[in-house]
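Trainee: A single structure is presented below for examination.
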Amino acid sequence: MKKTLSIALSLVAASVLLAGCGGDDNDNAFKPVAFDKHDRCHVCGMVISHYEGPKAEVFIKGADGEAVKFCSGRDAFSFALQPENARRLEAFFIHDMANAKWSTPEDKYLIDAKSAVYVVGSDAVGVMGPEPIAFSNPDKARTFAQKHGGKVVSYDSVSLDMLN
């Protein structure tokens with residue numbers, strides 16, 4: 001009995017120690033933050049809430065965990081694709097237009113930009129011009145592209161040339 005109790009206590013102690021060793025996997029996990037009515041675009045300085053269309057935000061090393069916010073996906077990609085920013089990029093969120101309304105995209109529809117597919121070159125122009133429109137659902141992206149033109153591409157395929 002004593003030996004069984006000793007083994008059980010050793011196992012409990014070991015599991016407590018091991019649980020603390022690796023740290024919390026969510027320590028570096030980023031979550032999108034709400035847009036405030038006074039937030040300004042990092043690129044152009046416009047008040048983000050004054051304009052319709054998808055918005056985006058990124059987290060970069062050296063920004064102390066603060067989201068860098070943008071009035072459009074176009075501005076966010078223009079920022080994120082710059083070599084000096086690309087290497088510091090920790091997280092990128094953009095409105096999922098498979099679910100959000102163009103006129104007033106809600107914060108609950110911000111998704112991980114890297115997991116989305118994009119329609120580029122469509123007739124849907126954002127506040128800053130040609131907009132890479134994010135979709136969590138590839139079928140909805142294809143349907144959108146059939147209706148509005150453009151092509152469906154992955155996150156890794158979006159380039160600065162596509163934003164002009």
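For the structure tokens, the naming scheme is as follows: chains receive sequential letters (A, B, ...) according to their order of presentation, residues are indexed from 1 within each chain, and ligands are indexed from 1 in presentation order.
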With only C-alpha atoms as the counted atoms, please give the residues lying no more than 9 Å from stretch 43-58 of chain A, apart from itself and same-chain residues fewer than 4 positions off, as a short mmCIF file (atom, residue, chain, number, x, y, z; two decimals) with N, CA and C atoms, in the first residue's frame.

Mentor:
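As a result, part14.cif now contains:
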```
data_model
loop_
_atom_site.label_atom_id
_atom_site.label_comp_id
_atom_site.auth_asym_id
_atom_site.auth_seq_id
_atom_site.Cartn_x
_atom_site.Cartn_y
_atom_site.Cartn_z
N PRO A 32 -7.69 38.27 -32.55
CA PRO A 32 -8.05 39.59 -33.08
C PRO A 32 -8.65 40.46 -31.98
N VAL A 33 -8.44 41.75 -32.11
CA VAL A 33 -9.01 42.69 -31.15
C VAL A 33 -10.04 43.56 -31.86
N PHE A 35 -12.17 46.63 -33.28
CA PHE A 35 -11.87 47.95 -33.81
C PHE A 35 -12.65 48.97 -32.99
N ASP A 36 -12.01 50.04 -32.60
CA ASP A 36 -12.63 51.11 -31.85
C ASP A 36 -13.02 52.22 -32.82
N LYS A 37 -14.02 53.00 -32.48
CA LYS A 37 -14.50 54.04 -33.40
C LYS A 37 -13.46 55.12 -33.65
N HIS A 38 -12.40 55.17 -32.84
CA HIS A 38 -11.36 56.18 -33.02
C HIS A 38 -10.08 55.62 -33.65
N ASP A 39 -10.04 54.32 -33.92
CA ASP A 39 -8.83 53.72 -34.50
C ASP A 39 -8.52 54.34 -35.86
N GLU A 66 0.51 45.05 -29.24
CA GLU A 66 -0.55 45.93 -29.74
C GLU A 66 -0.83 45.61 -31.20
N ALA A 67 -2.11 45.60 -31.55
CA ALA A 67 -2.49 45.37 -32.95
C ALA A 67 -2.20 46.63 -33.76
N VAL A 68 -1.67 46.42 -34.95
CA VAL A 68 -1.48 47.49 -35.92
C VAL A 68 -2.68 47.37 -36.86
N LYS A 69 -3.52 48.41 -36.93
CA LYS A 69 -4.81 48.31 -37.60
C LYS A 69 -4.83 49.06 -38.94
N PHE A 70 -5.70 48.54 -39.83
CA PHE A 70 -5.76 49.07 -41.20
C PHE A 70 -7.21 49.24 -41.65
N CYS A 71 -7.45 50.25 -42.48
CA CYS A 71 -8.79 50.53 -43.00
C CYS A 71 -9.18 49.61 -44.14
N SER A 72 -8.24 48.79 -44.61
CA SER A 72 -8.52 47.87 -45.72
C SER A 72 -7.53 46.71 -45.70
N GLY A 73 -7.94 45.63 -46.33
CA GLY A 73 -7.03 44.51 -46.51
C GLY A 73 -5.86 44.91 -47.38
N ARG A 74 -6.12 45.80 -48.33
CA ARG A 74 -5.07 46.26 -49.25
C ARG A 74 -3.95 46.93 -48.47
N ASP A 75 -4.29 47.85 -47.56
CA ASP A 75 -3.26 48.52 -46.76
C ASP A 75 -2.54 47.53 -45.86
N ALA A 76 -3.28 46.58 -45.30
CA ALA A 76 -2.65 45.59 -44.42
C ALA A 76 -1.65 44.73 -45.19
N PHE A 77 -2.04 44.28 -46.37
CA PHE A 77 -1.10 43.49 -47.18
C PHE A 77 0.08 44.34 -47.63
N SER A 78 -0.18 45.58 -48.01
CA SER A 78 0.92 46.47 -48.42
C SER A 78 1.95 46.59 -47.30
N PHE A 79 1.48 46.66 -46.07
CA PHE A 79 2.35 46.73 -44.92
C PHE A 79 3.03 45.38 -44.66
N ALA A 80 2.23 44.32 -44.59
CA ALA A 80 2.73 43.00 -44.20
C ALA A 80 3.71 42.41 -45.21
N LEU A 89 6.28 39.73 -38.69
CA LEU A 89 4.86 39.43 -38.60
C LEU A 89 4.61 38.25 -37.67
N GLU A 90 3.77 38.47 -36.66
CA GLU A 90 3.42 37.40 -35.72
C GLU A 90 2.00 36.89 -35.95
N ALA A 91 1.09 37.77 -36.36
CA ALA A 91 -0.29 37.37 -36.63
C ALA A 91 -0.92 38.40 -37.57
N PHE A 92 -1.90 37.94 -38.35
CA PHE A 92 -2.56 38.79 -39.34
C PHE A 92 -4.02 38.35 -39.36
N PHE A 93 -4.93 39.28 -39.09
CA PHE A 93 -6.36 39.01 -39.11
C PHE A 93 -7.05 39.93 -40.10
N ILE A 94 -8.07 39.40 -40.76
CA ILE A 94 -8.80 40.15 -41.78
C ILE A 94 -10.26 39.72 -41.74
N HIS A 95 -11.15 40.60 -42.16
CA HIS A 95 -12.57 40.25 -42.17
C HIS A 95 -12.87 39.17 -43.20
N ASP A 96 -13.62 38.19 -42.76
CA ASP A 96 -14.07 37.08 -43.61
C ASP A 96 -15.32 37.54 -44.35
N MET A 97 -15.19 37.82 -45.62
CA MET A 97 -16.32 38.35 -46.39
C MET A 97 -17.27 37.25 -46.85
N ALA A 100 -19.19 38.39 -43.33
CA ALA A 100 -19.35 39.79 -42.95
C ALA A 100 -20.08 40.59 -44.03
N LYS A 101 -20.74 41.65 -43.59
CA LYS A 101 -21.39 42.58 -44.52
C LYS A 101 -20.36 43.60 -44.99
N TRP A 102 -20.38 43.92 -46.26
CA TRP A 102 -19.43 44.89 -46.82
C TRP A 102 -19.59 46.25 -46.13
N SER A 103 -20.82 46.65 -45.90
CA SER A 103 -21.07 47.99 -45.35
C SER A 103 -20.59 48.12 -43.90
N THR A 104 -20.71 47.08 -43.13
CA THR A 104 -20.32 47.14 -41.71
C THR A 104 -19.78 45.78 -41.25
N PRO A 105 -18.57 45.44 -41.64
CA PRO A 105 -18.03 44.14 -41.20
C PRO A 105 -17.83 44.13 -39.68
N LEU A 110 -13.46 38.50 -37.94
CA LEU A 110 -12.03 38.57 -38.21
C LEU A 110 -11.46 37.15 -38.15
N ALA A 113 -5.63 35.54 -41.43
CA ALA A 113 -5.44 35.85 -42.85
C ALA A 113 -4.70 34.74 -43.59
N VAL A 125 -14.27 47.24 -55.15
CA VAL A 125 -13.13 48.07 -54.78
C VAL A 125 -13.30 48.54 -53.34
N GLY A 126 -12.24 48.42 -52.57
CA GLY A 126 -12.26 48.86 -51.18
C GLY A 126 -11.95 50.34 -51.07
N VAL A 127 -11.87 50.81 -49.86
CA VAL A 127 -11.65 52.22 -49.59
C VAL A 127 -10.33 52.72 -50.18
N GLU A 131 -9.00 45.55 -53.79
CA GLU A 131 -9.02 44.90 -52.48
C GLU A 131 -8.83 43.40 -52.59
N ILE A 133 -9.94 40.32 -51.29
CA ILE A 133 -11.11 40.02 -50.46
C ILE A 133 -10.98 38.62 -49.89
N ALA A 134 -10.99 38.55 -48.55
CA ALA A 134 -10.74 37.30 -47.83
C ALA A 134 -12.01 36.48 -47.65
#
```

Trainee: Using only C-alpha atoms, I'd like a table of the residues in stretch 87-147 of chain A that come within 9 Å of stretch 156-159 of chain A; for each, show the closest atom pair and its distance in Å rounded to one decimal, ordered by chain and ascending number, as JSON lines.

Mentor:
```
{"residue": "A:Lys114", "atom": "CA", "partner": "A:Asp156", "partner_atom": "CA", "distance": 7.6}
{"residue": "A:Tyr118", "atom": "CA", "partner": "A:Val158", "partner_atom": "CA", "distance": 7.9}
{"residue": "A:Val120", "atom": "CA", "partner": "A:Val158", "partner_atom": "CA", "distance": 8.1}
{"residue": "A:Pro132", "atom": "CA", "partner": "A:Val158", "partner_atom": "CA", "distance": 7.8}
```

Trainee: DSSP on the backbone: what in chain A comes out alpha helix (DSSP H), as number ranges by chain?

Mentor: A: 2-21, 73-80, 83-86, 138-148

Trainee: Give the strand (DSSP E or B) residues of chain A, as DSSP finds them on the backbone, and put them as a ChimeraX atom specification.

Mentor: /A:40,47,56-60,68-70,89-95,110-112,117-120,125-126,129-130,133-135,151-154

Trainee: Please indicate the distance in Å from atom CA of A:Asp107 to atom CA of A:His148, rounded to one decimal place.

Mentor: 24.4 Å

Trainee: Record the distance separating atom CA of A:Lys61 and atom CA of A:Cys41, expressed in Å with one decimal.

Mentor: 18.5 Å

Trainee: Do a neighbour search on A:Thr143 at 12 Å with only C-alpha atoms, toss out local chain neighbours closer than 4 positions, and write the hits as a list of chain:residue names.

Mentor: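 Everything that qualifies: A:Ala98, A:Tyr118, A:Val119, A:Ser122, A:Phe135, A:Asn137, A:Pro138, A:Asp139, A:Lys147, A:His148, A:Gly149, A:Gly150, A:Lys151, A:Val152.
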